[in-house]
file run10.txt (compact mmCIF, C-alpha atoms and all ligand atoms)
# COMPACT_ATOMS: atom_id res chain seq x y z
CA MET Y 1 142.32 105.45 93.10
CA ILE Y 2 140.64 108.16 95.22
CA THR Y 3 143.02 110.11 97.47
CA ASN Y 4 142.12 111.24 100.99
CA ASP Y 5 141.81 114.84 99.81
CA GLU Y 6 139.41 113.87 97.03
CA GLU Y 7 137.36 111.81 99.48
CA GLN Y 8 137.15 114.78 101.86
CA GLU Y 9 136.12 117.04 98.98
CA GLN Y 10 133.37 114.60 97.92
CA LYS Y 11 132.06 114.38 101.49
CA LEU Y 12 131.98 118.17 101.73
CA ALA Y 13 130.13 118.50 98.41
CA TYR Y 14 127.59 115.87 99.60
CA MET Y 15 127.02 117.74 102.87
CA LYS Y 16 126.59 121.03 101.02
CA GLN Y 17 124.02 119.39 98.75
CA ASP Y 18 122.21 118.01 101.82
CA MET Y 19 121.94 121.57 103.12
CA GLU Y 20 120.61 122.77 99.77
CA ILE Y 21 118.04 119.92 99.75
CA ALA Y 22 116.97 120.77 103.31
CA LYS Y 23 116.47 124.42 102.30
CA ARG Y 24 114.35 123.57 99.25
CA MET Y 25 112.35 120.85 101.06
CA SER Y 26 111.60 123.10 104.05
CA LYS Y 27 109.29 125.08 101.76
CA ILE Y 28 107.19 121.99 101.04
CA LYS Y 29 104.59 121.13 103.69
CA HIS Y 30 103.95 117.47 102.86
CA LYS Y 31 106.21 115.01 101.07
CA ILE Y 32 104.71 111.66 100.09
CA ALA Y 33 106.27 108.83 98.06
CA VAL Y 34 104.16 106.40 96.04
CA MET Y 35 105.78 102.97 96.08
CA SER Y 36 105.21 99.26 95.49
CA GLY Y 37 107.57 96.34 95.28
CA LYS Y 38 105.70 95.22 92.18
CA GLY Y 39 105.83 96.70 88.68
CA GLY Y 40 102.78 97.70 86.66
CA VAL Y 41 100.37 97.90 89.59
CA GLY Y 42 99.48 101.53 88.89
CA LYS Y 43 101.98 103.56 90.98
CA SER Y 44 102.40 106.23 88.31
CA THR Y 45 98.65 106.28 87.62
CA MET Y 46 97.94 106.78 91.32
CA ALA Y 47 100.75 109.35 91.77
CA VAL Y 48 99.56 111.41 88.78
CA ASN Y 49 95.89 111.22 89.72
CA LEU Y 50 96.54 112.02 93.38
CA ALA Y 51 98.72 114.99 92.38
CA LEU Y 52 96.17 116.23 89.85
CA SER Y 53 93.29 115.90 92.28
CA LEU Y 54 95.24 117.75 94.97
CA SER Y 55 96.09 120.53 92.52
CA ASN Y 56 92.46 120.71 91.34
CA LYS Y 57 91.46 121.11 94.98
CA GLY Y 58 93.63 124.23 95.13
CA TYR Y 59 96.75 122.80 96.74
CA LYS Y 60 100.09 123.86 95.31
CA THR Y 61 101.42 120.48 94.26
CA GLY Y 62 104.59 119.01 92.77
CA ILE Y 63 105.17 115.62 91.25
CA LEU Y 64 108.68 114.22 91.10
CA ASP Y 65 109.14 111.24 88.81
CA VAL Y 66 112.16 109.30 90.09
CA ASP Y 67 111.64 106.36 87.73
CA ILE Y 68 114.88 106.88 85.83
CA HIS Y 69 114.48 103.87 83.51
CA GLY Y 70 110.73 104.15 82.87
CA PRO Y 71 109.66 107.76 83.39
CA ASN Y 72 105.92 107.68 82.61
CA VAL Y 73 104.63 110.78 84.38
CA PRO Y 74 105.22 113.25 81.48
CA ARG Y 75 103.39 110.96 79.05
CA MET Y 76 100.48 110.54 81.44
CA LEU Y 77 100.24 114.32 81.69
CA ASN Y 78 100.77 114.74 77.96
CA ILE Y 79 103.84 116.95 78.47
CA GLU Y 80 106.59 114.58 77.32
CA LYS Y 81 107.93 117.05 74.72
CA GLU Y 82 108.67 119.75 77.32
CA ILE Y 83 112.30 120.73 77.90
CA LEU Y 84 113.64 121.87 81.27
CA GLN Y 85 114.69 125.51 81.56
CA MET Y 86 117.16 126.98 84.06
CA ASN Y 87 117.73 130.34 85.63
CA ASN Y 88 120.45 131.43 88.04
CA GLU Y 89 118.57 129.96 91.00
CA GLY Y 90 118.21 126.47 89.54
CA ILE Y 91 116.05 124.25 87.35
CA LEU Y 92 112.47 125.31 86.58
CA PRO Y 93 109.89 122.51 86.80
CA VAL Y 94 107.36 122.12 83.99
CA GLU Y 95 104.05 123.67 85.00
CA VAL Y 96 100.64 122.09 84.31
CA GLY Y 97 97.74 124.45 84.90
CA LYS Y 98 97.91 126.80 87.88
CA ASN Y 99 98.95 124.47 90.67
CA LEU Y 100 101.03 121.55 89.41
CA LYS Y 101 104.81 121.43 88.89
CA VAL Y 102 106.47 118.40 87.33
CA ILE Y 103 110.03 117.06 87.16
CA SER Y 104 111.12 113.92 85.34
CA ILE Y 105 114.31 112.62 83.73
CA GLN Y 106 112.17 112.33 80.58
CA PHE Y 107 112.51 116.09 80.06
CA LEU Y 108 116.27 115.63 79.62
CA LEU Y 109 116.08 112.81 77.06
CA PRO Y 110 116.27 113.36 73.29
CA SER Y 111 113.09 111.33 72.66
CA ALA Y 112 110.42 109.25 74.41
CA ASP Y 113 112.14 105.98 73.46
CA SER Y 114 115.69 106.98 74.52
CA PRO Y 115 116.88 104.59 77.24
CA VAL Y 116 118.79 105.67 80.33
CA ILE Y 117 121.56 103.16 80.98
CA TRP Y 118 122.98 104.31 84.29
CA ARG Y 119 124.47 102.60 87.30
CA GLY Y 120 123.41 103.37 90.88
CA PRO Y 121 125.65 106.37 91.69
CA LYS Y 122 124.60 108.25 88.56
CA LYS Y 123 120.91 107.64 89.31
CA THR Y 124 121.42 108.76 92.91
CA GLY Y 125 123.18 111.90 91.65
CA ALA Y 126 120.33 112.80 89.29
CA ILE Y 127 117.64 112.30 91.96
CA ARG Y 128 119.57 114.34 94.54
CA GLN Y 129 119.96 117.10 91.96
CA PHE Y 130 116.20 117.12 91.41
CA LEU Y 131 115.86 117.75 95.14
CA SER Y 132 118.69 120.28 95.54
CA ASP Y 133 118.53 122.26 92.29
CA VAL Y 134 114.86 122.36 91.28
CA ILE Y 135 113.00 125.55 92.13
CA TRP Y 136 109.93 123.89 93.63
CA GLY Y 137 109.10 127.01 95.65
CA GLU Y 138 106.38 126.87 98.31
CA LEU Y 139 104.27 123.73 97.89
CA ASP Y 140 101.53 122.06 99.92
CA TYR Y 141 102.30 118.59 98.57
CA LEU Y 142 105.17 116.90 96.77
CA ILE Y 143 104.21 113.48 95.40
CA VAL Y 144 107.14 111.25 94.42
CA ASP Y 145 106.48 108.53 91.85
CA CYS Y 146 108.93 105.67 92.44
CA PRO Y 147 109.96 102.82 90.16
CA PRO Y 148 109.08 99.26 91.21
CA GLY Y 149 111.18 97.48 93.81
CA THR Y 150 113.39 98.52 96.69
CA GLY Y 151 116.52 99.84 94.97
CA ASP Y 152 118.83 102.85 94.71
CA GLU Y 153 116.07 105.27 93.75
CA HIS Y 154 113.97 104.39 96.81
CA LEU Y 155 116.90 104.57 99.18
CA THR Y 156 117.97 107.93 97.76
CA ILE Y 157 114.50 109.43 98.05
CA LEU Y 158 113.72 108.06 101.50
CA GLN Y 159 117.12 109.01 102.91
CA SER Y 160 117.61 112.38 101.20
CA ILE Y 161 114.25 114.09 101.85
CA PRO Y 162 114.23 115.40 105.41
CA LEU Y 163 110.98 115.00 107.37
CA MET Y 164 109.28 112.81 104.78
CA ASP Y 165 105.61 112.44 105.73
CA GLY Y 166 105.40 108.89 104.49
CA ILE Y 167 104.68 106.40 101.78
CA VAL Y 168 101.51 105.38 99.98
CA MET Y 169 101.83 101.70 98.96
CA VAL Y 170 100.03 100.50 95.86
CA THR Y 171 99.06 96.89 95.32
CA THR Y 172 96.74 94.95 93.08
CA PRO Y 173 94.64 92.12 94.57
CA HIS Y 174 97.08 89.49 93.17
CA SER Y 175 99.06 87.52 95.74
CA VAL Y 176 102.38 88.13 93.92
CA SER Y 177 101.80 91.86 94.23
CA ILE Y 178 100.91 91.54 97.91
CA ASP Y 179 104.17 89.64 98.58
CA ASP Y 180 106.23 92.37 96.90
CA VAL Y 181 104.41 95.16 98.71
CA GLU Y 182 105.28 93.53 102.02
CA LYS Y 183 108.95 93.80 101.03
CA SER Y 184 108.51 97.54 100.45
CA ILE Y 185 106.72 97.89 103.80
CA ASN Y 186 109.67 96.18 105.48
CA MET Y 187 112.09 98.53 103.72
CA ALA Y 188 110.11 101.50 105.02
CA LYS Y 189 110.22 99.99 108.53
CA GLN Y 190 113.99 99.58 108.36
CA LEU Y 191 114.39 103.20 107.25
CA LYS Y 192 111.88 104.34 109.92
CA ILE Y 193 109.57 105.97 107.37
CA ARG Y 194 105.83 105.79 108.04
CA VAL Y 195 103.58 104.00 105.58
CA LEU Y 196 100.53 106.26 105.46
CA GLY Y 197 98.29 103.70 103.84
CA ILE Y 198 97.64 101.15 101.15
CA ILE Y 199 95.76 101.55 97.88
CA GLU Y 200 94.38 98.44 96.22
CA ASN Y 201 94.35 99.27 92.53
CA MET Y 202 92.61 97.36 89.71
CA SER Y 203 90.30 96.11 92.38
CA GLY Y 204 87.51 94.77 90.21
CA LEU Y 205 85.70 95.97 87.16
CA VAL Y 206 82.43 97.82 87.55
CA CYS Y 207 79.91 96.47 85.05
CA PRO Y 208 78.69 99.43 82.96
CA GLU Y 209 75.29 97.73 82.58
CA CYS Y 210 74.34 96.69 86.12
CA GLY Y 211 76.98 98.42 88.33
CA ALA Y 212 78.10 95.12 89.91
CA GLU Y 213 81.81 94.83 90.72
CA ILE Y 214 83.52 91.87 89.00
CA PRO Y 215 86.70 90.87 90.89
CA ILE Y 216 88.73 89.78 87.86
CA PHE Y 217 92.09 89.88 89.68
CA GLY Y 218 90.72 88.50 92.94
CA HIS Y 219 89.57 90.53 95.88
CA GLY Y 220 90.70 91.94 99.20
CA GLY Y 221 94.50 91.90 98.79
CA GLY Y 222 94.75 95.44 100.14
CA SER Y 223 92.65 94.76 103.22
CA GLU Y 224 94.60 91.54 103.79
CA ILE Y 225 97.92 93.43 104.06
CA SER Y 226 96.17 96.14 106.03
CA SER Y 227 94.94 93.73 108.72
CA LYS Y 228 98.29 91.90 108.76
CA THR Y 229 100.37 95.06 109.20
CA GLY Y 230 97.95 97.48 110.87
CA ILE Y 231 98.51 99.99 108.05
CA PRO Y 232 95.21 101.61 106.99
CA LEU Y 233 93.63 100.79 103.66
CA LEU Y 234 93.17 104.18 101.97
CA GLY Y 235 90.88 102.81 99.31
CA SER Y 236 90.24 100.41 96.47
CA ILE Y 237 90.33 101.70 92.91
CA PRO Y 238 88.41 99.82 90.24
CA ILE Y 239 89.59 99.24 86.69
CA ASP Y 240 88.62 102.29 84.71
CA THR Y 241 86.77 101.39 81.53
CA THR Y 242 86.43 104.91 80.13
CA PRO Y 243 87.44 104.70 76.46
CA LYS Y 244 90.92 106.14 76.15
CA THR Y 245 91.76 108.23 73.13
CA GLN Y 246 95.50 107.81 73.66
CA TYR Y 247 97.84 105.66 75.70
CA ASN Y 248 97.48 106.48 79.38
CA VAL Y 249 94.99 109.27 79.05
CA LEU Y 250 94.34 110.92 82.41
CA LEU Y 251 91.92 108.73 84.23
CA THR Y 252 90.41 111.48 86.35
CA GLN Y 253 89.32 113.34 83.21
CA ASN Y 254 85.97 111.63 83.59
CA LYS Y 255 84.85 113.33 86.80
CA GLU Y 256 81.70 111.22 87.10
CA SER Y 257 83.51 107.88 87.06
CA GLU Y 258 83.78 105.52 90.01
CA PHE Y 259 87.57 105.82 89.57
CA SER Y 260 87.43 109.60 90.19
CA ASN Y 261 85.10 109.25 93.17
CA ARG Y 262 87.41 106.73 94.82
CA ILE Y 263 90.51 108.88 94.17
CA MET Y 264 88.73 111.79 95.87
CA GLU Y 265 87.91 109.58 98.87
CA ILE Y 266 91.61 108.74 99.17
CA ILE Y 267 92.56 112.42 98.95
CA ASN Y 268 90.12 113.17 101.79
CA LYS Y 269 91.77 110.48 103.93
CA ILE Y 270 95.28 111.77 103.15
CA GLU Y 271 94.18 115.31 104.06
CA LYS Y 272 92.87 114.05 107.40
CA ILE Y 273 96.12 112.19 108.15
CA MET Y 274 98.09 115.37 107.39
CA ILE Y 275 95.83 117.54 109.56
CA LYS Y 276 96.21 115.05 112.45
CA LYS Y 277 99.98 115.19 112.01
CA GLU Y 278 99.98 118.99 112.24
CA GLU Y 279 97.91 119.03 115.47
N1 LIG Y 301 92.60 101.55 87.83
C1 LIG Y 301 93.01 101.46 86.58
N2 LIG Y 301 92.13 101.30 85.56
C2 LIG Y 301 92.52 101.18 84.29
N3 LIG Y 301 93.81 101.19 83.89
C3 LIG Y 301 94.75 101.33 84.86
C4 LIG Y 301 94.41 101.48 86.23
N4 LIG Y 301 95.57 101.60 86.95
C5 LIG Y 301 96.56 101.54 86.06
N5 LIG Y 301 96.10 101.37 84.81
C6 LIG Y 301 96.88 101.18 83.59
O1 LIG Y 301 97.81 100.11 83.83
C7 LIG Y 301 99.07 100.38 83.24
C8 LIG Y 301 100.16 100.34 84.32
O2 LIG Y 301 99.96 101.43 85.20
P1 LIG Y 301 101.17 102.32 85.73
O3 LIG Y 301 102.11 102.66 84.63
O4 LIG Y 301 100.58 103.41 86.51
O5 LIG Y 301 101.87 101.26 86.70
P2 LIG Y 301 103.24 101.40 87.50
O6 LIG Y 301 103.08 100.63 88.74
O7 LIG Y 301 103.62 102.82 87.62
O8 LIG Y 301 104.23 100.66 86.51
P3 LIG Y 301 105.85 100.63 86.62
O9 LIG Y 301 106.16 99.61 87.66
O10 LIG Y 301 106.28 100.23 85.25
O11 LIG Y 301 106.31 102.01 87.01
C9 LIG Y 301 98.94 101.73 82.57
O12 LIG Y 301 98.68 101.54 81.19
C10 LIG Y 301 97.73 102.38 83.25
O13 LIG Y 301 97.02 103.27 82.41
MG MG Y 302 105.43 103.81 87.07

call {"tool": "encode", "arguments": {"input": "run10.txt", "output": "structure tokens"}}
result
Amino acid sequence: MITNDEEQEQKLAYMKQDMEIAKRMSKIKHKIAVMSGKGGVGKSTMAVNLALSLSNKGYKTGILDVDIHGPNVPRMLNIEKEILQMNNEGILPVEVGKNLKVISIQFLLPSADSPVIWRGPKKTGAIRQFLSDVIWGELDYLIVDCPPGTGDEHLTILQSIPLMDGIVMVTTPHSVSIDDVEKSINMAKQLKIRVLGIIENMSGLVCPECGAEIPIFGHGGGSEISSKTGIPLLGSIPIDTTPKTQYNVLLTQNKESEFSNRIMEIINKIEKIMIKKEE
């Protein structure tokens, strides 16, 4: 049983951590979460490619992987063997190139196939520690890759980060994905967090021979939610057919691809939304 004194102590520690989070987050200009009610629609792929493209454009960028049970970001960036280091100011994120800092629970696991079997409070604790103890430093963008659904991880992120800029929702054209995305949009509404826009991923396959787009998973799911909710459609990303030499190779490696062009168009739209917000 928890005594009154212990309860008071816990509350105090939580408030202190909130202050620490506010201090660290105040150095980050824009904080954006990538979400979707549905699994496997390409949230991590979008989060990684958006973060990489922002960093390639010269923005100081961070990517926080809060998928505790399926942390895919390190693998997508080919840094899954990295181990987190600490100094007396906190935890040092793993750096990729000049402008990208990465944090994931994966860096604390003994191997890529080690499962994390945690209940809600432990997951919440780990995510809050990534916000309060990681030395992100000054950043232009922090992109948060969320797991599927509307659970503890989402609540923690959306409620713990002060002045969150908003959420990018990812869907595929399938109707089951659209239904689940609407649930996430409603969660955002309840928490009063803005949904910046929708990305329709796996939106057709561009024929390498004739350039025609083949809508193998259907078409227009993203614009359908957009017109229903009034949330802008940031873009539609086709299925990338570039031969991959390893699982989840970085899709923007092929700079000439339609995939890369469309990601850049989305980045331009996000930049504009952020500039408008600052005015
Ligand atoms: N546009 C695309 N073209 C080709 N492959 C893609 C595309 N988008 C995603 N993928 C592939 O689909 C798979 C699922 O993508 P990803 O892991 O990003 O989804 P997710 O929504 O993050 O999944 P989870 O819900 O498990 O976190 C990955 O193997 C990824 O490489
Ligand atoms: Mg993912």

call {"tool": "closest_atom_pairs", "arguments": {"input": "run10.txt", "of": "chain Y", "to": "ligand LIG 301 (chain Y)", "cutoff": "9 Å", "atoms": "all atoms listed in the file", "output": "Markdown table"}}
result
| residue | atom | partner | partner_atom | distance |
| --- | --- | --- | --- | --- |
| Y:Met35 | CA | Y:LIG301 | O6 | 8.2 |
| Y:Ser36 | CA | Y:LIG301 | O6 | 7.2 |
| Y:Gly37 | CA | Y:LIG301 | O9 | 8.4 |
| Y:Lys38 | CA | Y:LIG301 | O9 | 6.3 |
| Y:Gly39 | CA | Y:LIG301 | O9 | 3.1 |
| Y:Gly40 | CA | Y:LIG301 | O8 | 3.3 |
| Y:Val41 | CA | Y:LIG301 | O6 | 3.9 |
| Y:Gly42 | CA | Y:LIG301 | O4 | 3.2 |
| Y:Lys43 | CA | Y:LIG301 | O7 | 3.8 |
| Y:Ser44 | CA | Y:LIG301 | O7 | 3.7 |
| Y:Thr45 | CA | Y:LIG301 | O4 | 3.6 |
| Y:Met46 | CA | Y:LIG301 | O4 | 6.4 |
| Y:Ala47 | CA | Y:LIG301 | O4 | 7.9 |
| Y:Val48 | CA | Y:LIG301 | O4 | 8.4 |
| Y:Asp67 | CA | Y:LIG301 | O11 | 6.9 |
| Y:Gly70 | CA | Y:LIG301 | O10 | 6.4 |
| Y:Pro71 | CA | Y:LIG301 | O11 | 7.6 |
| Y:Asn72 | CA | Y:LIG301 | O3 | 6.6 |
| Y:Val73 | CA | Y:LIG301 | O3 | 8.5 |
| Y:Met76 | CA | Y:LIG301 | O13 | 8.1 |
| Y:Asp145 | CA | Y:LIG301 | O7 | 7.7 |
| Y:Cys146 | CA | Y:LIG301 | O11 | 7.1 |
| Y:Pro147 | CA | Y:LIG301 | O11 | 4.9 |
| Y:Pro148 | CA | Y:LIG301 | O9 | 4.6 |
| Y:Gly149 | CA | Y:LIG301 | O9 | 8.2 |
| Y:Val170 | CA | Y:LIG301 | O6 | 7.7 |
| Y:Thr171 | CA | Y:LIG301 | O6 | 8.6 |
| Y:Asn201 | CA | Y:LIG301 | N1 | 5.5 |
| Y:Met202 | CA | Y:LIG301 | N1 | 4.6 |
| Y:Ser203 | CA | Y:LIG301 | N1 | 7.5 |
| Y:Gly204 | CA | Y:LIG301 | N1 | 8.8 |
| Y:Leu205 | CA | Y:LIG301 | N2 | 8.5 |
| Y:Ile237 | CA | Y:LIG301 | N1 | 5.6 |
| Y:Pro238 | CA | Y:LIG301 | N1 | 5.1 |
| Y:Ile239 | CA | Y:LIG301 | N2 | 3.5 |
| Y:Asp240 | CA | Y:LIG301 | N2 | 3.7 |
| Y:Thr241 | CA | Y:LIG301 | C2 | 6.4 |
| Y:Thr242 | CA | Y:LIG301 | C2 | 8.3 |
| Y:Tyr247 | CA | Y:LIG301 | O12 | 6.9 |
| Y:Asn248 | CA | Y:LIG301 | O13 | 4.4 |
| Y:Val249 | CA | Y:LIG301 | O13 | 7.2 |
| Y:Leu250 | CA | Y:LIG301 | O13 | 8.1 |
| Y:Leu251 | CA | Y:LIG301 | N2 | 7.6 |
| Y:Phe259 | CA | Y:LIG301 | N1 | 6.8 |

call {"tool": "write_last_selection", "arguments": {"input": "run10.txt", "atoms": "C-alpha atoms", "output": "compact mmCIF listing (two decimals), keeping the file's coordinate frame"}}
result
# COMPACT_ATOMS: atom_id res chain seq x y z
CA MET Y 35 105.78 102.97 96.08
CA SER Y 36 105.21 99.26 95.49
CA GLY Y 37 107.57 96.34 95.28
CA LYS Y 38 105.70 95.22 92.18
CA GLY Y 39 105.83 96.70 88.68
CA GLY Y 40 102.78 97.70 86.66
CA VAL Y 41 100.37 97.90 89.59
CA GLY Y 42 99.48 101.53 88.89
CA LYS Y 43 101.98 103.56 90.98
CA SER Y 44 102.40 106.23 88.31
CA THR Y 45 98.65 106.28 87.62
CA MET Y 46 97.94 106.78 91.32
CA ALA Y 47 100.75 109.35 91.77
CA VAL Y 48 99.56 111.41 88.78
CA ASP Y 67 111.64 106.36 87.73
CA GLY Y 70 110.73 104.15 82.87
CA PRO Y 71 109.66 107.76 83.39
CA ASN Y 72 105.92 107.68 82.61
CA VAL Y 73 104.63 110.78 84.38
CA MET Y 76 100.48 110.54 81.44
CA ASP Y 145 106.48 108.53 91.85
CA CYS Y 146 108.93 105.67 92.44
CA PRO Y 147 109.96 102.82 90.16
CA PRO Y 148 109.08 99.26 91.21
CA GLY Y 149 111.18 97.48 93.81
CA VAL Y 170 100.03 100.50 95.86
CA THR Y 171 99.06 96.89 95.32
CA ASN Y 201 94.35 99.27 92.53
CA MET Y 202 92.61 97.36 89.71
CA SER Y 203 90.30 96.11 92.38
CA GLY Y 204 87.51 94.77 90.21
CA LEU Y 205 85.70 95.97 87.16
CA ILE Y 237 90.33 101.70 92.91
CA PRO Y 238 88.41 99.82 90.24
CA ILE Y 239 89.59 99.24 86.69
CA ASP Y 240 88.62 102.29 84.71
CA THR Y 241 86.77 101.39 81.53
CA THR Y 242 86.43 104.91 80.13
CA TYR Y 247 97.84 105.66 75.70
CA ASN Y 248 97.48 106.48 79.38
CA VAL Y 249 94.99 109.27 79.05
CA LEU Y 250 94.34 110.92 82.41
CA LEU Y 251 91.92 108.73 84.23
CA PHE Y 259 87.57 105.82 89.57

call {"tool": "closest_residue", "arguments": {"input": "run10.txt", "among": "Y:Lys272, Y:His69, Y:His30, Y:Lys60", "to": "ligand MG 302 (chain Y)", "atoms": "all atoms listed in the file"}}
result
Y:His69

call {"tool": "closest_residue", "arguments": {"input": "run10.txt", "among": "Y:Cys207, Y:Leu139, Y:Lys81, Y:Ile193", "to": "Y:Ile161", "atoms": "all atoms listed in the file"}}
result
Y:Ile193

call {"tool": "residues_around", "arguments": {"input": "run10.txt", "residues": "Y:Gly90", "least_positions_apart": "4", "cutoff": "9 Å", "atoms": "only C-alpha atoms", "output": "MDAnalysis selection string"}}
result
chainID Y and resid 85:86 132:135

call {"tool": "atom_distance", "arguments": {"input": "run10.txt", "atom1": "atom CA of Y:Pro121", "atom2": "atom CA of Y:Glu9"}}
result
16.6 Å

call {"tool": "atom_distance", "arguments": {"input": "run10.txt", "atom1": "atom CA of Y:Met19", "atom2": "atom CA of Y:Asp165"}}
result
18.9 Å

call {"tool": "residues_near_point", "arguments": {"input": "run10.txt", "point": "(113.9, 116.6, 76.9)", "cutoff": "8 Å", "atoms": "all atoms listed in the file", "output": "ChimeraX atom specification"}}
result
/Y:80-84,105-111

call {"tool": "closest_residue", "arguments": {"input": "run10.txt", "among": "Y:Asp65, Y:Glu89, Y:Glu153, Y:Glu138", "to": "ligand MG 302 (chain Y)", "atoms": "all atoms listed in the file"}}
result
Y:Asp65

call {"tool": "residues_around", "arguments": {"input": "run10.txt", "residues": "stretch 154-157 of chain Y", "least_positions_apart": "3", "cutoff": "9 Å", "atoms": "only C-alpha atoms", "output": "list in words"}}
result
Ala33, Met35, Val66, Lys123, Thr124, Gly125, Ile127, Arg128, Leu131, Val144, Cys146, Pro147, Gly149, Thr150, Gly151, Ser160, Ile161, Met187 and Leu191 of chain Y

call {"tool": "residues_around", "arguments": {"input": "run10.txt", "residues": "Y:Leu142", "least_positions_apart": "2", "cutoff": "6 Å", "atoms": "only C-alpha atoms", "output": "tab-separated table (two decimals) with C-alpha atoms, keeping the file's coordinate frame"}}
result
chain	number	residue	atom	x	y	z
Y	31	LYS	CA	106.21	115.01	101.07
Y	61	THR	CA	101.42	120.48	94.26
Y	62	GLY	CA	104.59	119.01	92.77
Y	63	ILE	CA	105.17	115.62	91.25

call {"tool": "atom_distance", "arguments": {"input": "run10.txt", "atom1": "atom CA of Y:Val102", "atom2": "atom CA of Y:Ile21"}}
result
17.0 Å

call {"tool": "closest_residue", "arguments": {"input": "run10.txt", "among": "Y:Ala13, Y:Met274, Y:Leu64, Y:Leu196", "to": "ligand MG 302 (chain Y)", "atoms": "only C-alpha atoms and all ligand atoms"}}
result
Y:Leu64

call {"tool": "closest_residue", "arguments": {"input": "run10.txt", "among": "Y:Gly120, Y:Gly222, Y:Gly137, Y:Gly230", "to": "Y:Met169", "atoms": "all atoms listed in the file"}}
result
Y:Gly222

call {"tool": "closest_residue", "arguments": {"input": "run10.txt", "among": "Y:Ile263, Y:Ser257, Y:Arg24, Y:Ser53", "to": "Y:Pro208", "atoms": "all atoms listed in the file"}}
result
Y:Ser257

call {"tool": "residues_around", "arguments": {"input": "run10.txt", "residues": "Y:Pro232", "least_positions_apart": "6", "cutoff": "7 Å", "atoms": "all atoms listed in the file", "output": "list in words"}}
result
Gly197, Ile198 and Ser226 of chain Y

call {"tool": "write_last_selection", "arguments": {"input": "run10.txt", "atoms": "C-alpha atoms", "output": "mmCIF file, in the coordinates of the input"}}
result
data_model
loop_
_atom_site.group_PDB
_atom_site.id
_atom_site.type_symbol
_atom_site.label_atom_id
_atom_site.label_comp_id
_atom_site.auth_asym_id
_atom_site.auth_seq_id
_atom_site.Cartn_x
_atom_site.Cartn_y
_atom_site.Cartn_z
ATOM 1 C CA GLY Y 197 98.290 103.700 103.840
ATOM 2 C CA ILE Y 198 97.640 101.150 101.150
ATOM 3 C CA SER Y 226 96.170 96.140 106.030
#

call {"tool": "decode", "arguments": {"input": "run10.txt", "residues": "stretch 70-110 of chain Y", "atoms": "C-alpha atoms", "output": "compact mmCIF listing (two decimals), in the first residue's frame"}}
result
# COMPACT_ATOMS: atom_id res chain seq x y z
CA GLY Y 70 8.64 -2.70 -31.97
CA PRO Y 71 11.44 -0.14 -32.17
CA ASN Y 72 12.28 -0.06 -35.90
CA VAL Y 73 14.00 3.30 -36.30
CA PRO Y 74 17.56 2.11 -35.48
CA ARG Y 75 17.28 -0.73 -37.99
CA MET Y 76 15.97 1.60 -40.68
CA LEU Y 77 18.95 3.86 -40.07
CA ASN Y 78 21.32 0.91 -39.83
CA ILE Y 79 22.46 1.88 -36.32
CA GLU Y 80 20.82 -0.88 -34.27
CA LYS Y 81 24.12 -1.98 -32.70
CA GLU Y 82 24.78 1.44 -31.13
CA ILE Y 83 24.81 1.71 -27.34
CA LEU Y 84 23.68 4.80 -25.45
CA GLN Y 85 26.37 6.77 -23.61
CA MET Y 86 25.86 9.10 -20.65
CA ASN Y 87 27.66 12.07 -19.21
CA ASN Y 88 26.87 14.08 -16.09
CA GLU Y 89 24.24 16.11 -17.95
CA GLY Y 90 22.24 13.13 -19.20
CA ILE Y 91 21.92 10.59 -22.00
CA LEU Y 92 23.68 11.24 -25.31
CA PRO Y 93 21.58 10.46 -28.41
CA VAL Y 94 23.15 8.46 -31.22
CA GLU Y 95 24.28 10.78 -34.01
CA VAL Y 96 23.80 10.06 -37.73
CA GLY Y 97 25.77 12.39 -39.97
CA LYS Y 98 26.00 16.06 -39.00
CA ASN Y 99 22.40 16.90 -38.22
CA LEU Y 100 20.45 13.89 -36.97
CA LYS Y 101 20.17 12.64 -33.37
CA VAL Y 102 18.36 9.41 -32.57
CA ILE Y 103 16.91 7.83 -29.42
CA SER Y 104 15.21 4.45 -29.22
CA ILE Y 105 14.65 1.79 -26.57
CA GLN Y 106 16.45 -0.52 -29.03
CA PHE Y 107 19.77 0.97 -27.93
CA LEU Y 108 19.16 -0.40 -24.42
CA LEU Y 109 18.32 -3.96 -25.47
CA PRO Y 110 20.85 -6.80 -25.54
